[in-house]
file entry_11.tsv (TSV, C-alpha atoms)
chain	number	residue	atom	x	y	z
A	1	MET	CA	37.03	10.52	-4.85
A	2	ALA	CA	34.29	8.09	-5.81
A	3	GLU	CA	34.84	5.83	-8.80
A	4	ILE	CA	32.45	6.72	-11.66
A	5	SER	CA	31.78	3.58	-13.67
A	6	ALA	CA	30.47	3.36	-17.21
A	7	GLN	CA	27.50	1.49	-15.76
A	8	MET	CA	26.61	4.44	-13.51
A	9	ILE	CA	26.83	6.87	-16.39
A	10	LYS	CA	24.61	4.62	-18.45
A	11	GLU	CA	22.00	4.43	-15.69
A	12	LEU	CA	22.02	8.20	-15.20
A	13	ARG	CA	21.63	8.72	-18.95
A	14	THR	CA	18.64	6.38	-19.04
A	15	ARG	CA	17.03	8.20	-16.17
A	16	THR	CA	17.66	11.76	-17.30
A	17	ASN	CA	18.34	11.72	-21.06
A	18	ALA	CA	21.34	13.98	-20.39
A	19	GLY	CA	24.58	13.67	-22.39
A	20	VAL	CA	27.55	11.48	-21.42
A	21	LEU	CA	29.83	14.33	-20.36
A	22	ASN	CA	27.10	16.02	-18.34
A	23	CYS	CA	26.31	12.75	-16.62
A	24	LYS	CA	29.96	12.19	-15.79
A	25	GLU	CA	30.24	15.71	-14.35
A	26	ALA	CA	27.03	15.27	-12.35
A	27	LEU	CA	28.20	11.98	-10.86
A	28	LYS	CA	31.58	13.47	-9.94
A	29	ASP	CA	29.91	16.46	-8.33
A	30	ALA	CA	27.59	14.13	-6.40
A	31	GLY	CA	30.45	11.90	-5.24
A	32	GLY	CA	28.88	8.96	-7.04
A	33	ASP	CA	25.43	9.40	-5.43
A	34	MET	CA	22.88	8.61	-8.16
A	35	GLU	CA	19.97	10.59	-6.61
A	36	LYS	CA	22.13	13.67	-6.05
A	37	ALA	CA	23.43	13.41	-9.62
A	38	VAL	CA	19.85	13.37	-10.92
A	39	ASP	CA	19.07	16.49	-8.86
A	40	PHE	CA	22.26	18.16	-10.12
A	41	LEU	CA	21.19	17.63	-13.74
A	42	ARG	CA	17.63	18.72	-13.07
A	43	LYS	CA	18.87	21.92	-11.41
A	44	LYS	CA	21.01	22.65	-14.45
A	45	GLY	CA	17.98	22.01	-16.63
A	46	LEU	CA	19.82	19.16	-18.34
A	47	ALA	CA	17.53	16.33	-17.27
A	48	THR	CA	14.56	15.95	-19.54
A	49	ALA	CA	13.16	12.76	-18.04
A	50	LEU	CA	11.14	14.28	-15.21
A	51	LYS	CA	9.55	11.18	-13.87
A	52	ARG	CA	12.20	8.79	-12.71
A	53	ALA	CA	10.96	5.47	-13.93
A	54	GLY	CA	11.89	2.74	-11.49
A	55	ARG	CA	14.47	0.51	-13.06
A	56	GLU	CA	13.15	-2.93	-13.85
A	57	THR	CA	15.12	-5.29	-11.66
A	58	SER	CA	13.12	-8.43	-12.31
A	59	GLU	CA	10.36	-10.13	-14.22
A	60	GLY	CA	7.09	-11.57	-13.00
A	61	LEU	CA	3.43	-10.65	-12.75
A	62	ILE	CA	1.19	-8.23	-10.93
A	63	HIS	CA	-2.17	-9.80	-10.32
A	64	SER	CA	-5.38	-8.79	-8.59
A	65	TYR	CA	-8.28	-10.60	-7.05
A	66	ILE	CA	-11.60	-8.97	-6.22
A	67	HIS	CA	-13.85	-10.85	-3.84
A	68	THR	CA	-17.57	-10.70	-3.01
A	69	GLY	CA	-18.59	-8.05	-5.50
A	70	GLY	CA	-15.94	-5.47	-4.70
A	71	LYS	CA	-15.86	-5.71	-0.89
A	72	ILE	CA	-12.37	-7.21	-0.71
A	73	GLY	CA	-9.49	-6.62	-3.12
A	74	VAL	CA	-5.93	-7.91	-3.33
A	75	LEU	CA	-3.01	-6.73	-5.44
A	76	VAL	CA	0.13	-8.87	-5.45
A	77	GLU	CA	3.49	-8.77	-7.24
A	78	VAL	CA	5.31	-12.04	-7.72
A	79	ASN	CA	8.77	-12.03	-9.28
A	80	CYS	CA	10.60	-14.63	-11.29
A	81	GLU	CA	13.75	-14.46	-13.39
A	82	THR	CA	12.48	-14.38	-16.97
A	83	ASP	CA	9.45	-13.03	-18.81
A	84	PHE	CA	9.25	-16.45	-20.47
A	85	VAL	CA	8.30	-18.10	-17.17
A	86	ALA	CA	6.05	-15.16	-16.20
A	87	LYS	CA	4.00	-15.78	-19.33
A	88	THR	CA	3.39	-19.48	-18.76
A	89	ASP	CA	-0.09	-20.63	-17.75
A	90	GLU	CA	1.43	-22.41	-14.78
A	91	PHE	CA	2.93	-19.20	-13.37
A	92	LYS	CA	-0.27	-17.26	-14.05
A	93	THR	CA	-2.33	-19.85	-12.17
A	94	PHE	CA	0.16	-19.83	-9.31
A	95	VAL	CA	-0.06	-16.03	-8.95
A	96	LYS	CA	-3.86	-16.14	-9.16
A	97	ASP	CA	-3.99	-18.79	-6.43
A	98	LEU	CA	-1.73	-16.67	-4.21
A	99	ALA	CA	-3.95	-13.59	-4.65
A	100	MET	CA	-7.03	-15.64	-3.70
A	101	HIS	CA	-5.19	-17.08	-0.72
A	102	ILE	CA	-4.32	-13.56	0.52
A	103	ALA	CA	-7.94	-12.42	0.09
A	104	ALA	CA	-9.10	-15.35	2.21
A	105	THR	CA	-6.47	-15.39	4.97
A	106	LYS	CA	-5.69	-11.69	5.51
A	107	PRO	CA	-1.96	-12.01	6.27
A	108	LEU	CA	-0.32	-9.09	8.10
A	109	GLY	CA	2.94	-9.41	6.16
A	110	ILE	CA	4.97	-11.67	3.89
A	111	ARG	CA	7.62	-12.75	6.42
A	112	ARG	CA	7.96	-12.58	10.20
A	113	GLU	CA	10.28	-9.59	9.80
A	114	ASP	CA	7.43	-7.70	8.15
A	115	ILE	CA	5.20	-7.77	11.24
A	116	PRO	CA	5.60	-4.41	13.06
A	117	GLU	CA	7.47	-4.68	16.40
A	118	GLN	CA	4.52	-2.94	18.06
A	119	VAL	CA	2.11	-5.68	16.97
A	120	ILE	CA	4.47	-8.41	18.19
A	121	GLN	CA	4.88	-6.74	21.59
A	122	ARG	CA	1.14	-6.34	21.98
A	123	GLU	CA	0.55	-10.03	21.20
A	124	GLU	CA	3.29	-11.21	23.57
A	125	GLU	CA	1.95	-9.04	26.37
A	126	ILE	CA	-1.57	-10.37	25.91
A	127	TYR	CA	-0.48	-14.02	25.78
A	128	ARG	CA	1.59	-13.56	28.95
A	129	ALA	CA	-1.33	-11.92	30.77
A	130	GLN	CA	-3.67	-14.68	29.59
A	131	ALA	CA	-1.30	-17.31	30.98
A	132	VAL	CA	-1.00	-15.48	34.29
A	133	GLU	CA	-4.80	-15.11	34.44
A	134	THR	CA	-5.28	-18.86	34.10
A	135	GLY	CA	-2.82	-19.49	36.96
A	136	LYS	CA	0.15	-20.82	34.97
A	137	ARG	CA	3.41	-21.06	36.89
A	138	GLU	CA	6.09	-18.38	36.35
A	139	LYS	CA	8.59	-21.01	35.17
A	140	ILE	CA	6.67	-22.02	32.08
A	141	LEU	CA	5.30	-18.58	31.06
A	142	ASP	CA	8.03	-17.93	28.48
A	143	LYS	CA	7.42	-21.29	26.87
A	144	ILE	CA	3.68	-20.69	26.68
A	145	VAL	CA	4.13	-17.24	25.16
A	146	GLN	CA	6.65	-18.63	22.66
A	147	GLY	CA	4.20	-21.35	21.63
A	148	LYS	CA	1.36	-18.86	21.17
A	149	MET	CA	3.58	-16.54	19.14
A	150	GLU	CA	4.47	-19.43	16.82
A	151	LYS	CA	0.76	-19.94	16.29
A	152	PHE	CA	0.28	-16.21	15.71
A	153	TYR	CA	3.02	-16.20	13.04
A	154	LYS	CA	1.49	-19.20	11.32
A	155	GLU	CA	-1.79	-17.31	11.12
A	156	SER	CA	-0.38	-13.90	10.21
A	157	CYS	CA	2.65	-14.36	7.94
A	158	LEU	CA	1.90	-15.23	4.34
A	159	LEU	CA	4.83	-17.63	3.94
A	160	ASP	CA	4.06	-19.42	7.24
A	161	GLN	CA	0.36	-19.83	6.52
A	162	GLN	CA	-1.30	-23.09	5.58
A	163	TYR	CA	-2.16	-22.88	1.90
A	164	ILE	CA	-5.97	-22.62	1.64
A	165	LYS	CA	-6.27	-25.02	-1.28
A	166	ASP	CA	-4.06	-27.63	0.43
A	167	PRO	CA	-3.72	-27.24	4.23
A	168	ASP	CA	-0.98	-29.89	4.33
A	169	ILE	CA	1.51	-27.43	2.90
A	170	THR	CA	2.43	-23.80	3.62
A	171	THR	CA	2.48	-21.09	0.95
A	172	GLN	CA	6.28	-21.26	1.27
A	173	ASP	CA	6.06	-24.92	0.22
A	174	LEU	CA	3.87	-23.88	-2.71
A	175	ILE	CA	6.52	-21.37	-3.80
A	176	HIS	CA	9.31	-23.95	-3.43
A	177	ASP	CA	7.26	-26.27	-5.58
A	178	MET	CA	7.07	-23.61	-8.32
A	179	ILE	CA	10.82	-22.97	-8.04
A	180	THR	CA	11.44	-26.67	-8.65
A	181	LYS	CA	8.98	-26.78	-11.54
A	182	THR	CA	10.25	-23.66	-13.32
A	183	GLY	CA	13.93	-23.85	-12.40
A	184	GLU	CA	13.79	-20.16	-11.52
A	185	ASN	CA	13.93	-18.28	-8.26
A	186	ILE	CA	10.47	-16.99	-7.33
A	187	THR	CA	9.65	-14.42	-4.66
A	188	VAL	CA	6.51	-12.69	-3.44
A	189	ARG	CA	7.66	-9.08	-3.65
A	190	ARG	CA	4.68	-7.25	-2.09
A	191	PHE	CA	0.96	-7.36	-1.65
A	192	VAL	CA	-1.87	-5.20	-0.42
A	193	ARG	CA	-5.33	-6.24	0.74
A	194	TYR	CA	-8.23	-3.78	0.95
A	195	GLN	CA	-11.46	-4.48	2.75
A	196	LEU	CA	-14.29	-2.05	2.15
A	197	GLY	CA	-14.63	0.55	4.89
A	198	GLU	CA	-12.01	-1.00	7.20
B	1	MET	CA	-13.28	9.69	34.93
B	2	ALA	CA	-14.08	9.16	31.27
B	3	GLU	CA	-17.73	8.95	30.24
B	4	ILE	CA	-18.58	5.43	29.00
B	5	SER	CA	-21.38	5.72	26.46
B	6	ALA	CA	-23.76	3.01	25.33
B	7	GLN	CA	-22.31	3.49	21.84
B	8	MET	CA	-18.80	2.64	23.08
B	9	ILE	CA	-20.03	-0.47	24.85
B	10	LYS	CA	-21.84	-1.54	21.71
B	11	GLU	CA	-18.70	-1.09	19.59
B	12	LEU	CA	-16.57	-3.03	22.06
B	13	ARG	CA	-19.13	-5.84	22.13
B	14	THR	CA	-19.10	-6.04	18.34
B	15	ARG	CA	-15.35	-6.23	18.30
B	16	THR	CA	-14.83	-8.72	21.11
B	17	ASN	CA	-18.10	-10.64	21.61
B	18	ALA	CA	-17.71	-10.03	25.35
B	19	GLY	CA	-20.71	-9.38	27.62
B	20	VAL	CA	-22.15	-5.95	28.42
B	21	LEU	CA	-20.88	-5.80	32.00
B	22	ASN	CA	-17.41	-6.99	31.04
B	23	CYS	CA	-17.26	-4.39	28.28
B	24	LYS	CA	-18.33	-1.67	30.70
B	25	GLU	CA	-15.67	-2.74	33.20
B	26	ALA	CA	-13.00	-2.90	30.47
B	27	LEU	CA	-13.83	0.59	29.20
B	28	LYS	CA	-13.78	2.01	32.74
B	29	ASP	CA	-10.42	0.34	33.42
B	30	ALA	CA	-9.07	1.72	30.14
B	31	GLY	CA	-10.33	5.23	30.86
B	32	GLY	CA	-12.49	5.08	27.74
B	33	ASP	CA	-9.63	4.01	25.40
B	34	MET	CA	-11.15	1.48	22.96
B	35	GLU	CA	-7.86	-0.26	22.06
B	36	LYS	CA	-6.84	-0.63	25.70
B	37	ALA	CA	-10.29	-1.98	26.52
B	38	VAL	CA	-9.91	-4.63	23.79
B	39	ASP	CA	-6.53	-5.61	25.24
B	40	PHE	CA	-8.03	-5.73	28.75
B	41	LEU	CA	-10.70	-8.21	27.61
B	42	ARG	CA	-8.23	-10.28	25.62
B	43	LYS	CA	-5.93	-10.52	28.64
B	44	LYS	CA	-8.84	-11.71	30.77
B	45	GLY	CA	-9.64	-14.25	28.06
B	46	LEU	CA	-13.07	-12.66	27.62
B	47	ALA	CA	-12.63	-11.51	24.03
B	48	THR	CA	-13.43	-14.23	21.54
B	49	ALA	CA	-13.11	-12.16	18.39
B	50	LEU	CA	-9.36	-12.45	17.89
B	51	LYS	CA	-9.05	-10.61	14.62
B	52	ARG	CA	-10.36	-7.13	15.05
B	53	ALA	CA	-12.44	-6.63	11.97
B	54	GLY	CA	-12.40	-3.00	10.90
B	55	ARG	CA	-15.83	-1.53	11.38
B	56	GLU	CA	-17.55	-0.83	8.12
B	57	THR	CA	-17.96	2.92	8.05
B	58	SER	CA	-19.11	3.22	4.47
B	59	GLU	CA	-20.17	1.51	1.29
B	60	GLY	CA	-18.56	1.49	-2.12
B	61	LEU	CA	-16.36	-0.68	-4.28
B	62	ILE	CA	-12.83	-1.98	-4.41
B	63	HIS	CA	-11.70	-2.35	-7.98
B	64	SER	CA	-8.52	-3.38	-9.74
B	65	TYR	CA	-7.02	-2.77	-13.13
B	66	ILE	CA	-4.17	-4.80	-14.56
B	67	HIS	CA	-2.34	-3.29	-17.51
B	68	THR	CA	-0.05	-4.69	-20.23
B	69	GLY	CA	-0.20	-8.33	-19.25
B	70	GLY	CA	0.56	-7.96	-15.57
B	71	LYS	CA	3.30	-5.30	-15.67
B	72	ILE	CA	1.20	-2.60	-14.00
B	73	GLY	CA	-1.55	-3.08	-11.44
B	74	VAL	CA	-3.86	-0.71	-9.59
B	75	LEU	CA	-6.13	-1.33	-6.61
B	76	VAL	CA	-8.54	1.43	-5.63
B	77	GLU	CA	-11.28	1.88	-3.01
B	78	VAL	CA	-14.05	4.33	-3.77
B	79	ASN	CA	-16.70	5.02	-1.14
B	80	CYS	CA	-20.28	6.10	-1.46
B	81	GLU	CA	-23.14	6.18	1.04
B	82	THR	CA	-25.25	3.16	0.14
B	83	ASP	CA	-24.69	-0.29	-1.26
B	84	PHE	CA	-27.55	0.47	-3.65
B	85	VAL	CA	-25.47	3.10	-5.45
B	86	ALA	CA	-22.31	0.93	-5.24
B	87	LYS	CA	-24.11	-1.77	-7.19
B	88	THR	CA	-25.26	0.43	-10.07
B	89	ASP	CA	-23.58	0.02	-13.45
B	90	GLU	CA	-22.87	3.74	-13.47
B	91	PHE	CA	-20.85	3.56	-10.24
B	92	LYS	CA	-19.03	0.43	-11.40
B	93	THR	CA	-18.02	2.12	-14.64
B	94	PHE	CA	-16.89	5.21	-12.75
B	95	VAL	CA	-14.65	3.17	-10.44
B	96	LYS	CA	-13.24	1.21	-13.39
B	97	ASP	CA	-12.43	4.45	-15.21
B	98	LEU	CA	-10.67	5.81	-12.13
B	99	ALA	CA	-8.52	2.66	-11.80
B	100	MET	CA	-7.50	2.93	-15.46
B	101	HIS	CA	-6.76	6.62	-15.01
B	102	ILE	CA	-4.45	5.84	-12.06
B	103	ALA	CA	-2.65	3.13	-14.05
B	104	ALA	CA	-2.01	5.62	-16.85
B	105	THR	CA	-1.06	8.75	-14.88
B	106	LYS	CA	0.84	7.36	-11.88
B	107	PRO	CA	-0.34	9.86	-9.23
B	108	LEU	CA	1.79	10.21	-6.10
B	109	GLY	CA	-1.23	10.72	-3.84
B	110	ILE	CA	-4.93	11.54	-3.77
B	111	ARG	CA	-4.68	15.11	-2.44
B	112	ARG	CA	-1.89	17.67	-2.08
B	113	GLU	CA	-1.67	16.83	1.63
B	114	ASP	CA	-0.76	13.25	0.68
B	115	ILE	CA	2.49	14.22	-1.06
B	116	PRO	CA	5.37	13.67	1.39
B	117	GLU	CA	6.97	16.92	2.66
B	118	GLN	CA	10.35	15.56	1.54
B	119	VAL	CA	9.16	15.26	-2.08
B	120	ILE	CA	7.73	18.80	-2.04
B	121	GLN	CA	10.96	20.24	-0.64
B	122	ARG	CA	13.03	18.46	-3.25
B	123	GLU	CA	10.84	19.78	-6.07
B	124	GLU	CA	10.88	23.36	-4.73
B	125	GLU	CA	14.64	23.29	-4.36
B	126	ILE	CA	15.11	22.07	-7.91
B	127	TYR	CA	12.72	24.64	-9.43
B	128	ARG	CA	14.45	27.43	-7.53
B	129	ALA	CA	17.90	26.30	-8.70
B	130	GLN	CA	16.61	25.99	-12.29
B	131	ALA	CA	15.31	29.56	-12.15
B	132	VAL	CA	18.60	30.84	-10.72
B	133	GLU	CA	20.51	28.91	-13.39
B	134	THR	CA	18.56	30.62	-16.19
B	135	GLY	CA	19.36	34.03	-14.70
B	136	LYS	CA	15.92	34.92	-13.29
B	137	ARG	CA	15.85	37.90	-10.93
B	138	GLU	CA	15.66	37.28	-7.17
B	139	LYS	CA	12.38	39.23	-6.94
B	140	ILE	CA	10.38	36.84	-9.08
B	141	LEU	CA	11.94	33.54	-7.91
B	142	ASP	CA	9.16	32.76	-5.42
B	143	LYS	CA	6.51	33.35	-8.04
B	144	ILE	CA	8.26	31.06	-10.54
B	145	VAL	CA	8.68	28.30	-7.98
B	146	GLN	CA	5.03	28.67	-6.96
B	147	GLY	CA	3.93	28.36	-10.59
B	148	LYS	CA	6.04	25.26	-11.16
B	149	MET	CA	4.74	23.65	-7.97
B	150	GLU	CA	1.17	24.22	-9.17
B	151	LYS	CA	2.10	22.34	-12.34
B	152	PHE	CA	3.73	19.60	-10.28
B	153	TYR	CA	0.57	19.17	-8.17
B	154	LYS	CA	-1.57	19.02	-11.30
B	155	GLU	CA	0.62	16.20	-12.57
B	156	SER	CA	1.03	14.33	-9.27
B	157	CYS	CA	-2.21	14.59	-7.27
B	158	LEU	CA	-5.04	12.37	-8.42
B	159	LEU	CA	-7.79	14.93	-7.76
B	160	ASP	CA	-5.85	17.74	-9.50
B	161	GLN	CA	-5.01	15.67	-12.58
B	162	GLN	CA	-6.64	16.10	-15.96
B	163	TYR	CA	-8.94	13.14	-16.47
B	164	ILE	CA	-7.38	10.96	-19.20
B	165	LYS	CA	-10.65	10.28	-21.00
B	166	ASP	CA	-11.59	13.99	-21.01
B	167	PRO	CA	-8.67	16.40	-20.49
B	168	ASP	CA	-11.09	19.35	-20.17
B	169	ILE	CA	-12.01	18.22	-16.67
B	170	THR	CA	-10.06	17.07	-13.60
B	171	THR	CA	-10.75	13.80	-11.81
B	172	GLN	CA	-12.22	15.98	-9.03
B	173	ASP	CA	-14.74	17.28	-11.59
B	174	LEU	CA	-15.51	13.69	-12.57
B	175	ILE	CA	-16.22	12.85	-8.92
B	176	HIS	CA	-18.41	15.95	-8.48
B	177	ASP	CA	-20.30	14.86	-11.55
B	178	MET	CA	-20.98	11.45	-9.97
B	179	ILE	CA	-22.06	13.11	-6.70
B	180	THR	CA	-24.62	15.14	-8.65
B	181	LYS	CA	-25.81	12.10	-10.59
B	182	THR	CA	-26.15	9.77	-7.60
B	183	GLY	CA	-27.11	12.29	-4.94
B	184	GLU	CA	-24.55	10.69	-2.63
B	185	ASN	CA	-21.22	11.81	-1.29
B	186	ILE	CA	-18.41	9.97	-3.08
B	187	THR	CA	-14.76	9.83	-2.03
B	188	VAL	CA	-11.64	8.09	-3.28
B	189	ARG	CA	-10.49	6.46	-0.06
B	190	ARG	CA	-7.15	4.96	-1.10
B	191	PHE	CA	-5.27	3.48	-4.00
B	192	VAL	CA	-2.06	1.64	-4.73
B	193	ARG	CA	-0.22	1.28	-8.03
B	194	TYR	CA	2.39	-1.41	-8.61
B	195	GLN	CA	4.78	-1.45	-11.54
B	196	LEU	CA	6.73	-4.64	-12.10
B	197	GLY	CA	10.25	-4.50	-10.64
B	198	GLU	CA	10.11	-0.81	-9.68

call {"tool": "encode", "arguments": {"input": "entry_11.tsv", "output": "structure tokens"}}
result
Amino acid sequence: MAEISAQMIKELRTRTNAGVLNCKEALKDAGGDMEKAVDFLRKKGLATALKRAGRETSEGLIHSYIHTGGKIGVLVEVNCETDFVAKTDEFKTFVKDLAMHIAATKPLGIRREDIPEQVIQREEEIYRAQAVETGKREKILDKIVQGKMEKFYKESCLLDQQYIKDPDITTQDLIHDMITKTGENITVRRFVRYQLGE
Amino acid sequence: MAEISAQMIKELRTRTNAGVLNCKEALKDAGGDMEKAVDFLRKKGLATALKRAGRETSEGLIHSYIHTGGKIGVLVEVNCETDFVAKTDEFKTFVKDLAMHIAATKPLGIRREDIPEQVIQREEEIYRAQAVETGKREKILDKIVQGKMEKFYKESCLLDQQYIKDPDITTQDLIHDMITKTGENITVRRFVRYQLGE
């Protein structure tokens, strides 16, 4: 039997507006599974909050940057720990700079783990074939491919990229700088970059 | 043997900057597959355009809307046929209104086909259980579920939604209106809506 905590009941109440006892029953029936408990209450007609608002887990800013008259657009979410920091001019400028950086450099993902396996395989295969084509010896192929992949990551992963306004540092360095300045943990949560007609 | 058209060679040249004969050879080797032909040229070191820029298939605008001091953000791409129309104040206002509408109404997709099957199944199941719970007869269950799903689509699909600035029309009507005014086909290509910490 799953443990039903007061915290879980509170969360379910917030999400559904159902009463305490109903929430407790729903959670028990669902074996502690929050989504199933929500469905249980909705089926019973006891949940009045139809749209499940995503719980706010953190503070920060969502910022956009539109380039060249609407041909390129970026939307980025950057999180910090308090709304106080999110509202400072320094944080706002930082987020704006990041959005402009993304518009300019077209990263494929935030971290290396975000690059699809398929893309990585395709790159590796091409670099290997290129090396073979130019007559490189079998022994050093792996090393060459590894070196080219490092370069690929530095061009394609946001955190590995050279920061456009200061190529001596990476965007990761820029973020670390803000963490030091604000005393708060700061993360780039997600971004999207649209290019007209791509 | 796949037919290699002049159009295909032209596209491959644009994407890779390789010569005509090399492009022809690559396409033949790839059996007419454009992606494989690009890889073929890259492996041979003949493709100089490393980043494959998406071909511009249409005109339009990318626009963003940031709500409540950076807590909600929307990025939307709306296509039309010519840059001339995209640059008119009327089109700009239209795209801005659409972005604001999306921020306010939180659609799950543009069209009904964009709603994930999983979400549809979950909704149907819940509506059916609700109807059973309230003692509705078996005969009319399908009809009730169908009616509730219609309502769900009208709340969740951008084109089916009531337009926030004029609830007498849908956003689809608004788009049709712009098509009539501009004499060009207009489509909402894609959108994304971020809510802080969701």

call {"tool": "residues_around", "arguments": {"input": "entry_11.tsv", "residues": "stretch 86-93 of chain B", "least_positions_apart": "5", "cutoff": "9 Å", "atoms": "all atoms listed in the file", "output": "ChimeraX atom specification"}}
result
/A:69 /B:59-61,63,79-81,98,178,182

call {"tool": "closest_atom_pairs", "arguments": {"input": "entry_11.tsv", "of": "chain A", "to": "chain B", "cutoff": "8 Å", "atoms": "all atoms listed in the file", "output": "tab-separated table"}}
result
residue	atom	partner	partner_atom	distance
A:Asp39	CA	B:Ile126	CA	6.9
A:Arg42	CA	B:Ile126	CA	6.6
A:Lys43	CA	B:Gln130	CA	4.7
A:Lys44	CA	B:Gln130	CA	5.9
A:Gly45	CA	B:Gln130	CA	6.0
A:Ala53	CA	B:Glu198	CA	7.6
A:Gly54	CA	B:Glu198	CA	4.4
A:Arg55	CA	B:Glu198	CA	5.7
A:Glu56	CA	B:Gly197	CA	4.6
A:Thr57	CA	B:Gly197	CA	5.0
A:Ser58	CA	B:Gly197	CA	5.1
A:Glu59	CA	B:Gly197	CA	6.7
A:Gly60	CA	B:Leu196	CA	7.0
A:Leu61	CA	B:Gly70	CA	4.8
A:Ile62	CA	B:Gly70	CA	4.7
A:His63	CA	B:Gly70	CA	6.2
A:Ser64	CA	B:Ser64	CA	6.4
A:Tyr65	CA	B:Ser64	CA	7.7
A:Ile66	CA	B:His63	CA	6.9
A:Gly69	CA	B:Leu61	CA	7.8
A:Gly70	CA	B:Ile62	CA	4.7
A:Lys71	CA	B:Ile62	CA	6.0
A:Ile72	CA	B:Ile62	CA	6.4
A:Gly73	CA	B:Ile62	CA	5.9
A:Val74	CA	B:Leu75	CA	7.4
A:Leu75	CA	B:Leu75	CA	6.3
A:Glu77	CA	B:Leu196	CA	7.2
A:Asn79	CA	B:Gly197	CA	7.8
A:Ile126	CA	B:Lys43	CA	5.1
A:Tyr127	CA	B:Lys43	CA	7.1
A:Ala129	CA	B:Lys43	CA	5.3
A:Gln130	CA	B:Lys43	CA	4.8
A:Glu133	CA	B:Lys44	CA	6.4
A:Tyr194	CA	B:Ile62	CA	7.3
A:Gln195	CA	B:Ile62	CA	7.7
A:Leu196	CA	B:Ile62	CA	6.7
A:Gly197	CA	B:Glu56	CA	4.6
A:Glu198	CA	B:Gly54	CA	4.2

call {"tool": "closest_residue", "arguments": {"input": "entry_11.tsv", "among": "B:Asp114, B:Asp177, B:Glu11, B:Glu184", "to": "B:Phe94", "atoms": "all atoms listed in the file"}}
result
B:Asp177

call {"tool": "closest_residue", "arguments": {"input": "entry_11.tsv", "among": "B:Ala30, B:Ala103, B:Leu141, B:Leu158", "to": "B:Ile115", "atoms": "only C-alpha atoms"}}
result
B:Leu158

call {"tool": "atom_distance", "arguments": {"input": "entry_11.tsv", "atom1": "atom CA of A:Glu113", "atom2": "atom CA of A:Ser156"}}
result
11.5 Å

call {"tool": "residues_around", "arguments": {"input": "entry_11.tsv", "residues": "B:Leu12", "least_positions_apart": "3", "cutoff": "9 Å", "atoms": "all atoms listed in the file", "output": "list of chain:residue names"}}
result
B:Gln7, B:Met8, B:Ile9, B:Arg15, B:Thr16, B:Asn17, B:Ala18, B:Val20, B:Cys23, B:Lys24, B:Leu27, B:Met34, B:Ala37, B:Val38

call {"tool": "atom_distance", "arguments": {"input": "entry_11.tsv", "atom1": "atom CA of A:Gln162", "atom2": "atom CA of A:Ile175"}}
result
12.3 Å

call {"tool": "atom_distance", "arguments": {"input": "entry_11.tsv", "atom1": "atom CA of B:Ile102", "atom2": "atom CA of B:Thr170"}}
result
12.6 Å
